[in-house]
Each structure stands twice: as C-alpha cells, then as structure tokens.
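First the structure, in the form of structure tokens, and then the observations on it.
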Protein chains: 2
Amino acid sequence: MATREPEIIRNKQQMRNWSRSMRAQGKTIGLVPTMGYLHQGHLSLITEAQKHTQLIVVSIYVNPGQFSANEDLSTYPSDFQGDIEKLKSIPNGVDVVFNPQNLYDYGVERERSGGNKREKEGGIVSCLEDEGRGGIGHETWIRVERLEKGMCGKSRPVFFRGVATVVAKLFNIVEPDVAVFGKKDYQQWRIIQRMVRDLDFAVKVIGSEMIRDEDGLAMSSRNVHLSPQERGQALSISRSLFEAKSAAKRGITVCSELRRSVIESIEAAGGKIDYIEIVDQETLEAVEEMKSGVVLCVAAWFGKVRLIDNMEIHV
Amino acid sequence: MATREPEIIRNKQQMRNWSRSMRAQGKTIGLVPTMGYLHQGHLSLITEAQKHTQLIVVSIYVNPGQFSANEDLSTYPSDFQGDIEKLKSIPNGVDVVFNPQNLYDYGVERERSGGNKREKEGGIVSCLEDEGRGGIGHETWIRVERLEKGMCGKSRPVFFRGVATVVAKLFNIVEPDVAVFGKKDYQQWRIIQRMVRDLDFAVKVIGSEMIRDEDGLAMSSRNVHLSPQERGQALSISRSLFEAKSAAKRGITVCSELRRSVIESIEAAGGKIDYIEIVDQETLEAVEEMKSGVVLCVAAWFGKVRLIDNMEIHV
C-alpha cells in the first residue's frame with residue numbers, strides 16, 4: 001500500500017491555521033498527543049482516532065512541564081525519523097505531525113532574562129515555581145484537584161498538573177474535535193476527561209484500550225530501558241493482574257486480599273512496588289469490596305524503570 | 001436610533017453552535033464577560049469590543065466559583081431586565097446575551113447526590129474542595145500561580161482561581177476572537193492575559209480604561225451598597241490616587257512615601273485599608289522606587305463594601 005508523508009508542523013500558529021482552514025472546509029480533526037518514540041500502543045490510538053474523524057494530527061512533544069527535576073526528562077527516549085516511518089506505515093497514515101520545539105516559549109524570555117541556559121530554552125518549567133525570571137515565565141497550571149492526588153500523583157506530585165496543562169495547550173492550538181488517550185495511562189485519561197468536562201472544552205475524549213506485547217507486558221516507551229532480565233521480571237505485573245481478575249471472578253471480593261496477592265507476586269519477581277490500588281473507574285476512589293466498574297492499578301520499579309499497568313474488572 | 005433586541009442564550013451548546021455558525025460565515029466575535037447589574041463601565045467595554053469584532057456577545061453570569069463562603073455572593077446585585085434595557089441603549093447594540101443558569105452543572109449531580117440544597121444547585125463550588133459529592137463535582141481549577149498571590153489574592157484566596165476558571169469556560173463555550181476586560185480590575189486583567197498566553201488560547205485580550213463617576217468614584221456594581229455618607233467618604237480613594245500621581249510627577253519617587261499618603265487620606269476619611277500597593281504593571285511585583293510603567297492599586301472597605309481602584313503611573 002502506498003505510504004503517505006505526514007505534513008510536519010513545528011509552529012503553533014501554523015498548526016492552528018491548518019486546523020482552521022480544514023474546519024472551514026467542513027473537515028473533522030482528531031488529535032493523538034504523544035511524547036514520541038512510538039510503539040504499537042500509539043499506533044492503536046491513531047487507528048482508533050481514524051474511526052472518529054476525517055483528519056488526524058499526531059503531536060510529538062516531550063513535555064518538560066510534567067517531569068520533576070529528579071525524573072527522567074533527559075533520558076526520555078526519542079527517535080523522530082523512526083516515528084515518522086512508523087506513522088507512514090499506518091493504513092491511511094496521518095495528516096499532520098505537530099512537533100513544536102518548546103510550547104512554553106512565549107518569545108518574551110530573552111528580552112528580559114539573564115540569558116542563562118534555562119532561559120535560553122525559553123520558559124521551560126520544572127515542578128518548582130519558576131523563580132528569577134522577573135515574573136514573565138510560564139506560571140499557569142491546571143489542577144484537577146481530586147483525581148490528581150492519588151496513585152501516580154503521590155509519587156509524581158507535578159505530573160498531572162503538567163499533563164493537564166500541556167493537553168489544554170494542545171487543544172487550544174490544534175482545536176481538535178476528538179482526542180484519543182490510552183487507557184494504559186488510566187489516571188491520566190480520567191483526569192483529561194474531567195478537565196474537558198469542567199472547562200467545557202469542545203473536544204470529545206476517547207479512551208483507547210491498552211496494547212500488550214505477546215508476553216503480556218503493557219507497551220511503553222520506557223520498556224526500552226529494561227534489561228532482558230528486568231523485562232522477564234516485569235511480566236509479573238501483567239501476570240498478577242490477570243490472576244487478580246480471575247480471582248475476583250471466582251468470588252474473592254475483599255480488595256485487600258487481591259492487592260496482597262499482586263504485591264506478593266511482583267515483589268517475589270524482584271519488583272519494587274510504588275502502589276497497588278483498586279479504585280472506582282470514574283472517581284478513582286479506593287474501594288474495599290470488589291464491585292462492578294473498578295480498576296486495579298499498579299506502579300512498580302524494575303531496576304531504574306518505573307512501569308505502570310492496570311486492569312478493569314467487572315464482577 | 002432604533003434599539004436592537006439581543007438574542008438571549010442560556011444553554012452552553014446553543015451558545016457554541018451560534019458562535020460556530022457565525023464563524024463559518026466569516027464573522028468575528030467579541031466577548032464581554034460580566035456579572036450583570038451593568039453600568040457605564042460595562043457599556044464602555046462593549047463599545048471597546050465593537051471596535052475589534054463584527055459581533056458582540058455579553059455574558060451575564062454571577063460566578064459562584066470566585067466567591068468564598070464568607071463573601072457577598074448572596075447579596076451581589078442583579079437586574080437582568082434592566083441590563084437588557086441598557087444593552088439595547090448602546091449604539092449598534094449587542095448580538096447575544098449569554099446568561100447560563102449554572103456553568104458548573106454537568107448534569108451528573110442529581111443521579112449520585114444525596115440531593116441536599118448545594119447539590120440541587122448542581123455542582124456549585126465554594127473556596128473549599130468539594131466534599132461529599134462522590135467525587136463527581138467540579139474539581140478543575142486554573143491557577144496563575146504568581147500573579148494570583150498578591151493584592152486581592154491575599155484577602156480573597158480563591159477569587160482569581162475562580163475568575164480564571166470561569167473565563168476559560170466562557171472562552172471554550174463562546175469561542176471568541178477578542179475578549180475585553182476592564183482595567184479597573186487590574187490584577188484580574190493581567191491574570192487573564194497571562195492565562196491566555198500560557199494556555200495558548202486563540203483569544204485576543206483587551207484591557208479597557210476604567211470609567212469614573214463625575215465625582216471620581218470608580219464605577220462598580222457594588223457602589224449601590226454604599227450609603228450616601230459612605231459614598232462621600234469613598235471619594236478619598238480616587239482623590240488620593242490622583243494626588244499620588246501628581247506627587248510622583250513632581251518627583252516624589254519613594255513608593256513608601258506615596259503609599260503612606262494614600263493610606264492616610266483613606267483612613268482619615270473613615271475607610272479601612274485592605275491593601276495599597278505600587279507594582280510593576282506586567283509582573284505586579286512591588287516596586288520601591290517610582291519608575292515608568294507602575295500601577296498604584298488600592299482596596300479599601302467603607303462600611304460593609306469593599307472597593308478597589310487603581311492608577312497607572314508613568315514618570
């Protein structure tokens with residue numbers, strides 16, 4: 001099948017102009033936000049988006065706003081050319097790759113800044129409030145105050161603030177009709193849904209099912225950092241999730257029991273637990289008795305790699 | 001001159017549909033957000049908006065999200081029919097009055113709520129995080145973290161969070177090209193400008209000059225609560241601001257001196273100072289030596305009424 005070259009846009013205004021000219025022609029636009037280093041999971045989001053809109057924009061942008069100083073921003077994997085090749089391989093391809101250099105550069109930094117590296121990068125922000133900028137750096141953050149607190153929010157206090165904020169920026173730049181997020185990042189998906197409802201964004205948010213490798217490992221750009229041994233150990237995550245699901249179906253409804261068995265399997269395999277939670281699928285509030293519409297969420301470390309996974313359970 | 005009946009829209013989706021149908025016809029849209037009880041100050045914002053766009057939407061909505069529990073939400077003045085008459089009196093009039101009943105009602109409250117009054121009002125929020133709602137109430141807030149802290153933010157800790165959030169909602173519902181805010185609410189104007197920049201809203205924000213009554217009092221819907229005596233005392237605010245401005249022009253550049261004289265005049269007249277600050281017009285950071293591009297901001301109580309005023313100073 002003939003492959004299709006996506007148009008690559010790096011400028012905010014050009015991106016918005018493209019979207020508006022397409023909308024003026026009555027076209028609908030789907031957005032798939034990514035941080036690049038694309039894998040089958042990302043491609044499945046695009047295939048999902050193609051079901052809903054005529055045109056597809058894939059954003060590739062590693063968002064500094066969602067990393068805190070001690071996290072892996074600098075080592076986050078990237079392969080732009082490889083990403084473009086993968087996008088060309090998708091049936092019907094995609095229309096635009098939006099690949100901005102820095103979404104936090106408002107063009108006012110250099111004038112007033114002392115010109116140190118951080119300021120040359122132009123308004124890039126960390127978890128900390130931006131000091132010593134003469135008060136002109138990025139300072140607006142969207143907080144989804146309840147949903148952002150638990151699970152990944154505990155160990156990554158600025159993560160969801162940064163995600164919600166950059167997604168709002170992308171919505172305002174791309175102006176999509178539909179945006180697709182992976183349910184692999186379950187809490188993120190629910191936070192974006194809530195933000196869209198609460199701020200009245202005219203965007204339909206779709207959660208797309210997680211994609212697993214044949215061995216069961218949830219696909220993630222970070223898997224590339226796993227040694228072969230760690231990867232083998234990491235399979236304990238999906239294995240224990242499937243076990244918990246069937247245990248629940250068999251009638252084990254006490255969540256503390258189900259959690260304990262997941263913890264034991266992952267630790268036995270050499271993983272270090274960040275959290276294991278069984279929560280309501282919408283409110284993400286912990287449940288004690290297994291019921292319909294819950295999700296079992298896991299975050300665990302294998303070596304230097306933090307992996308997340310989850311399993312929706314209906315009993 | 002023939003008066004023009006504005007179309008009154010109360011539903012979010014109808015409002016967005018109207019804007020999109022107009023944009024599809026190539027029309028530009030200006031938004032003037034208000035809380036109603038309109039006065040000459042509001043009308044001047046509309047006249048300003050008319051210079052920039054072909055169509056004008058005036059929103060009339062008292063936003064509960066920006067009042068804390070102990071503030072004057074319940075006594076905030078309102079006169080919808082009077083407002084409509086005033087809008088009809090404006091040359092060329094306005095096209096739409098957007099008057100939603102409750103922008104925080106997402107239609108999910110009743111199902112799951114215990115049905116107490118607060119919930120019957122549907123997701124209306126206060127300064128406190130929304131408890132006991134089963135986690136489905138409004139919980140998304142936009143924080144402009146540096147600009148929101150000072151001045152009015154000190155005595156009204158949730159005010160700017162609520163303002164920024166409701167303005168973002170209005171932008172997403174009305175999708176205007178231009179929005180006009182009064183420089184009478186100086187800190188609010190700067191916060192909205194910063195939010196629009198930081199979140200990449202495709203809206204041009206215009207600050208419109210303050211309108212004063214002939215006696216010098218800055219126009220405000222709250223002035224109606226002043227007794228004749230309090231109103232006379234409140235003139236000390238504008239008088240002391242004009243005096244400070246001319247003093248600065250005469251070469252008094254020590255801000256502490258200028259502040260002291262304003263404090264003395266207002267207190268001598270029987271006012272209770274909330275704050276007097278001389279700040280940079282963009283960053284709102286306090287300045288000690290008078291320079292060009294500062295603004296002197298005042299908030300003071302007369303009886304039960306809190307009034308704000310300000311004066312831009314260029315020396």
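Every chain in the structure tokens takes a letter, A first, then B, and so on in the order presented; its residues are numbered from 1, and the ligands are numbered from 1 following the presented order.
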
**Request:** Specify as an MDAnalysis selection string all residues of chain B found within 7 Å of chain A, counting only C-alpha atoms.
**Result:** chainID B and resid 24 135:136 138:146 168:169 172:173 195 198:202 283

Residues of the last selection are to be written out with N, CA, C and O atoms, as a PDB file, in the first residue's frame.
ATOM      1  N   ALA B  24     -18.416  30.303  10.749  1.00  0.00           N
ATOM      2  CA  ALA B  24     -18.484  29.651   9.432  1.00  0.00           C
ATOM      3  C   ALA B  24     -18.849  30.666   8.357  1.00  0.00           C
ATOM      4  O   ALA B  24     -18.511  30.496   7.187  1.00  0.00           O
ATOM      5  N   GLY B 135     -17.200  12.405  44.456  1.00  0.00           N
ATOM      6  CA  GLY B 135     -16.090  12.682  43.536  1.00  0.00           C
ATOM      7  C   GLY B 135     -16.502  13.010  42.124  1.00  0.00           C
ATOM      8  O   GLY B 135     -15.751  12.787  41.182  1.00  0.00           O
ATOM      9  N   ILE B 136     -17.730  13.543  41.944  1.00  0.00           N
ATOM     10  CA  ILE B 136     -18.133  13.869  40.576  1.00  0.00           C
ATOM     11  C   ILE B 136     -18.431  15.351  40.383  1.00  0.00           C
ATOM     12  O   ILE B 136     -18.843  15.772  39.319  1.00  0.00           O
ATOM     13  N   HIS B 138     -17.466  19.549  40.238  1.00  0.00           N
ATOM     14  CA  HIS B 138     -16.408  20.310  39.569  1.00  0.00           C
ATOM     15  C   HIS B 138     -15.145  20.297  40.424  1.00  0.00           C
ATOM     16  O   HIS B 138     -15.199  20.557  41.618  1.00  0.00           O
ATOM     17  N   GLU B 139     -14.008  19.997  39.820  1.00  0.00           N
ATOM     18  CA  GLU B 139     -12.772  19.957  40.605  1.00  0.00           C
ATOM     19  C   GLU B 139     -11.562  20.474  39.830  1.00  0.00           C
ATOM     20  O   GLU B 139     -10.428  20.343  40.285  1.00  0.00           O
ATOM     21  N   THR B 140     -11.797  21.068  38.676  1.00  0.00           N
ATOM     22  CA  THR B 140     -10.690  21.556  37.852  1.00  0.00           C
ATOM     23  C   THR B 140     -10.542  23.065  38.014  1.00  0.00           C
ATOM     24  O   THR B 140     -11.508  23.810  37.811  1.00  0.00           O
ATOM     25  N   TRP B 141      -9.362  23.492  38.377  1.00  0.00           N
ATOM     26  CA  TRP B 141      -9.124  24.922  38.620  1.00  0.00           C
ATOM     27  C   TRP B 141      -7.860  25.367  37.923  1.00  0.00           C
ATOM     28  O   TRP B 141      -6.862  24.654  37.910  1.00  0.00           O
ATOM     29  N   ILE B 142      -7.912  26.560  37.335  1.00  0.00           N
ATOM     30  CA  ILE B 142      -6.745  27.146  36.687  1.00  0.00           C
ATOM     31  C   ILE B 142      -6.092  28.110  37.665  1.00  0.00           C
ATOM     32  O   ILE B 142      -6.747  29.006  38.198  1.00  0.00           O
ATOM     33  N   ARG B 143      -4.816  27.885  37.911  1.00  0.00           N
ATOM     34  CA  ARG B 143      -4.071  28.738  38.826  1.00  0.00           C
ATOM     35  C   ARG B 143      -3.015  29.509  38.046  1.00  0.00           C
ATOM     36  O   ARG B 143      -2.208  28.896  37.345  1.00  0.00           O
ATOM     37  N   VAL B 144      -3.035  30.826  38.142  1.00  0.00           N
ATOM     38  CA  VAL B 144      -1.947  31.642  37.602  1.00  0.00           C
ATOM     39  C   VAL B 144      -1.089  31.969  38.818  1.00  0.00           C
ATOM     40  O   VAL B 144      -1.331  32.939  39.542  1.00  0.00           O
ATOM     41  N   GLU B 145      -0.100  31.116  39.066  1.00  0.00           N
ATOM     42  CA  GLU B 145       0.410  30.922  40.412  1.00  0.00           C
ATOM     43  C   GLU B 145       1.104  32.133  41.013  1.00  0.00           C
ATOM     44  O   GLU B 145       1.039  32.328  42.227  1.00  0.00           O
ATOM     45  N   ARG B 146       1.759  32.925  40.160  1.00  0.00           N
ATOM     46  CA  ARG B 146       2.469  34.071  40.729  1.00  0.00           C
ATOM     47  C   ARG B 146       1.542  35.284  40.818  1.00  0.00           C
ATOM     48  O   ARG B 146       1.403  35.890  41.886  1.00  0.00           O
ATOM     49  N   ALA B 168     -11.981  30.763  31.333  1.00  0.00           N
ATOM     50  CA  ALA B 168     -11.588  29.676  30.418  1.00  0.00           C
ATOM     51  C   ALA B 168     -12.829  28.928  29.925  1.00  0.00           C
ATOM     52  O   ALA B 168     -12.945  28.608  28.734  1.00  0.00           O
ATOM     53  N   LYS B 169     -13.779  28.691  30.830  1.00  0.00           N
ATOM     54  CA  LYS B 169     -15.027  28.029  30.426  1.00  0.00           C
ATOM     55  C   LYS B 169     -15.763  28.881  29.393  1.00  0.00           C
ATOM     56  O   LYS B 169     -16.192  28.376  28.353  1.00  0.00           O
ATOM     57  N   ASN B 172     -14.148  28.677  26.069  1.00  0.00           N
ATOM     58  CA  ASN B 172     -14.382  27.401  25.391  1.00  0.00           C
ATOM     59  C   ASN B 172     -15.819  27.249  24.905  1.00  0.00           C
ATOM     60  O   ASN B 172     -16.085  26.488  23.978  1.00  0.00           O
ATOM     61  N   ILE B 173     -16.735  27.975  25.517  1.00  0.00           N
ATOM     62  CA  ILE B 173     -18.143  27.896  25.113  1.00  0.00           C
ATOM     63  C   ILE B 173     -18.437  28.904  23.992  1.00  0.00           C
ATOM     64  O   ILE B 173     -19.036  28.569  22.977  1.00  0.00           O
ATOM     65  N   MET B 195      -2.955  33.961  31.562  1.00  0.00           N
ATOM     66  CA  MET B 195      -3.569  32.653  31.325  1.00  0.00           C
ATOM     67  C   MET B 195      -3.709  32.387  29.826  1.00  0.00           C
ATOM     68  O   MET B 195      -3.392  31.296  29.342  1.00  0.00           O
ATOM     69  N   ASP B 198      -0.268  31.591  28.467  1.00  0.00           N
ATOM     70  CA  ASP B 198       0.306  30.328  28.950  1.00  0.00           C
ATOM     71  C   ASP B 198      -0.466  29.099  28.470  1.00  0.00           C
ATOM     72  O   ASP B 198       0.111  28.016  28.354  1.00  0.00           O
ATOM     73  N   LEU B 199      -1.766  29.257  28.241  1.00  0.00           N
ATOM     74  CA  LEU B 199      -2.565  28.115  27.772  1.00  0.00           C
ATOM     75  C   LEU B 199      -2.847  28.192  26.268  1.00  0.00           C
ATOM     76  O   LEU B 199      -3.586  27.361  25.738  1.00  0.00           O
ATOM     77  N   ASP B 200      -2.255  29.180  25.590  1.00  0.00           N
ATOM     78  CA  ASP B 200      -2.391  29.283  24.131  1.00  0.00           C
ATOM     79  C   ASP B 200      -3.836  29.415  23.664  1.00  0.00           C
ATOM     80  O   ASP B 200      -4.193  28.893  22.601  1.00  0.00           O
ATOM     81  N   PHE B 201      -4.654  30.102  24.449  1.00  0.00           N
ATOM     82  CA  PHE B 201      -6.000  30.398  23.958  1.00  0.00           C
ATOM     83  C   PHE B 201      -5.897  31.302  22.731  1.00  0.00           C
ATOM     84  O   PHE B 201      -5.083  32.226  22.707  1.00  0.00           O
ATOM     85  N   ALA B 202      -6.739  31.021  21.724  1.00  0.00           N
ATOM     86  CA  ALA B 202      -6.738  31.831  20.499  1.00  0.00           C
ATOM     87  C   ALA B 202      -7.665  33.031  20.675  1.00  0.00           C
ATOM     88  O   ALA B 202      -8.577  33.254  19.871  1.00  0.00           O
ATOM     89  N   THR B 283       4.247  42.459  35.851  1.00  0.00           N
ATOM     90  CA  THR B 283       4.512  41.355  36.786  1.00  0.00           C
ATOM     91  C   THR B 283       3.744  41.513  38.092  1.00  0.00           C
ATOM     92  O   THR B 283       3.651  40.565  38.869  1.00  0.00           O
TER      93      THR B 283
END

**Request:** Report as a list in words: the residues of segment 66-246 of chain B with a DSSP assignment of strand (DSSP E or B), based on the backbone of this structure.
**Result:** Val96, Val97, Phe98, Thr140, Trp141, Ile142, Arg143, Val144, Val178, Ala179, Val180, Phe181, Gly182, Lys204, Val205, Ile206, Gly207, Ser208, Arg212 and Ala218 of chain B

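Atom to atom, atom CA of Gln188 of chain B and atom CA of Cys152 of chain B stand 9.1 Å apart.
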
**Prompt:** Between A:Val62, A:Ile263, A:Ala179, A:Val305, which one has atoms that come closest to Ile276 of chain A, using only C-alpha atoms?
**Reply:** A:Ile263

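Counting only C-alpha atoms, the residue from A:Gly153, A:Phe181, A:Phe67, A:Phe160 that sits nearest to Thr34 of chain A is A:Phe181.
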
**Request:** Determine, counting only C-alpha atoms, which protein, DNA and RNA residues have an atom within 8 Å of an atom of Asn11 of chain A; residues of the same chain fewer than 3 positions away are not included. Present the result as a list in words.
**Result:**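 Result of the neighbour search: Gln14, Met15, Asn99 and Pro100 of chain A.
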
**Request:** Find the distance between atom CA of Gln81 of chain B and atom CA of Met219 of chain B and write it in Å to one decimal.
**Result:**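 For atom CA of Gln81 of chain B relative to atom CA of Met219 of chain B, the distance reads 20.0 Å.
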
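Relative to atom CA of Ser59 of chain A, atom CA of Leu87 of chain A is found at 11.6 Å.
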
**Request:** Would you list the contacts of Ser265 of chain A as an MDAnalysis selection string, taking every protein, DNA or RNA residue within 8 Å and counting only C-alpha atoms, but skipping same-chain residues closer than 2 positions in sequence?
**Result:** chainID A and resid 236:237 240 261:263 267:269

Keeping only all heavy atoms, write those residues as a CSV table (one decimal), in the first residue's frame.
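Output saved as again-v6.csv:
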chain,number,residue,atom,x,y,z
A,236,SER,N,5.7,-10.1,35.8
A,236,SER,CA,5.0,-10.4,37.0
A,236,SER,C,3.8,-9.4,37.1
A,236,SER,O,2.8,-9.7,37.8
A,236,SER,CB,5.9,-10.3,38.2
A,236,SER,OG,6.4,-9.0,38.3
A,237,ILE,N,4.0,-8.2,36.6
A,237,ILE,CA,2.9,-7.2,36.7
A,237,ILE,C,1.6,-7.7,36.0
A,237,ILE,O,0.6,-7.9,36.6
A,237,ILE,CB,3.3,-5.8,36.1
A,237,ILE,CG1,4.5,-5.3,36.9
A,237,ILE,CG2,2.1,-4.9,36.2
A,237,ILE,CD1,5.0,-3.9,36.3
A,240,SER,N,0.1,-10.9,37.4
A,240,SER,CA,-0.6,-10.8,38.7
A,240,SER,C,-1.9,-10.1,38.5
A,240,SER,O,-2.9,-10.4,39.2
A,240,SER,CB,0.2,-10.1,39.7
A,240,SER,OG,0.6,-8.8,39.3
A,261,SER,N,-2.1,-10.2,47.0
A,261,SER,CA,-1.6,-11.3,46.1
A,261,SER,C,-0.8,-10.6,45.0
A,261,SER,O,0.3,-11.1,44.5
A,261,SER,CB,-2.7,-12.1,45.5
A,261,SER,OG,-3.5,-11.3,44.8
A,262,VAL,N,-1.2,-9.4,44.5
A,262,VAL,CA,-0.5,-8.7,43.4
A,262,VAL,C,0.9,-8.3,44.0
A,262,VAL,O,1.9,-8.5,43.4
A,262,VAL,CB,-1.3,-7.5,42.9
A,262,VAL,CG1,-0.5,-6.7,41.9
A,262,VAL,CG2,-2.6,-8.0,42.3
A,263,ILE,N,0.8,-7.7,45.2
A,263,ILE,CA,2.1,-7.2,45.8
A,263,ILE,C,3.1,-8.3,45.9
A,263,ILE,O,4.2,-8.2,45.5
A,263,ILE,CB,1.8,-6.6,47.2
A,263,ILE,CG1,1.0,-5.3,47.0
A,263,ILE,CG2,3.1,-6.3,47.9
A,263,ILE,CD1,0.4,-4.8,48.4
A,267,GLU,N,6.7,-8.5,44.1
A,267,GLU,CA,7.9,-8.4,44.9
A,267,GLU,C,8.7,-9.7,44.8
A,267,GLU,O,9.9,-9.7,44.7
A,267,GLU,CB,7.5,-8.1,46.4
A,267,GLU,CG,7.1,-6.7,46.6
A,267,GLU,CD,6.7,-6.3,48.0
A,267,GLU,OE1,6.4,-7.3,48.8
A,267,GLU,OE2,6.7,-5.1,48.3
A,268,ALA,N,8.0,-10.8,44.7
A,268,ALA,CA,8.7,-12.1,44.5
A,268,ALA,C,9.5,-12.1,43.3
A,268,ALA,O,10.6,-12.7,43.2
A,268,ALA,CB,7.7,-13.2,44.5
A,269,ALA,N,9.1,-11.4,42.2
A,269,ALA,CA,9.8,-11.3,41.0
A,269,ALA,C,10.9,-10.3,41.0
A,269,ALA,O,11.6,-10.1,40.0
A,269,ALA,CB,8.8,-11.0,39.8
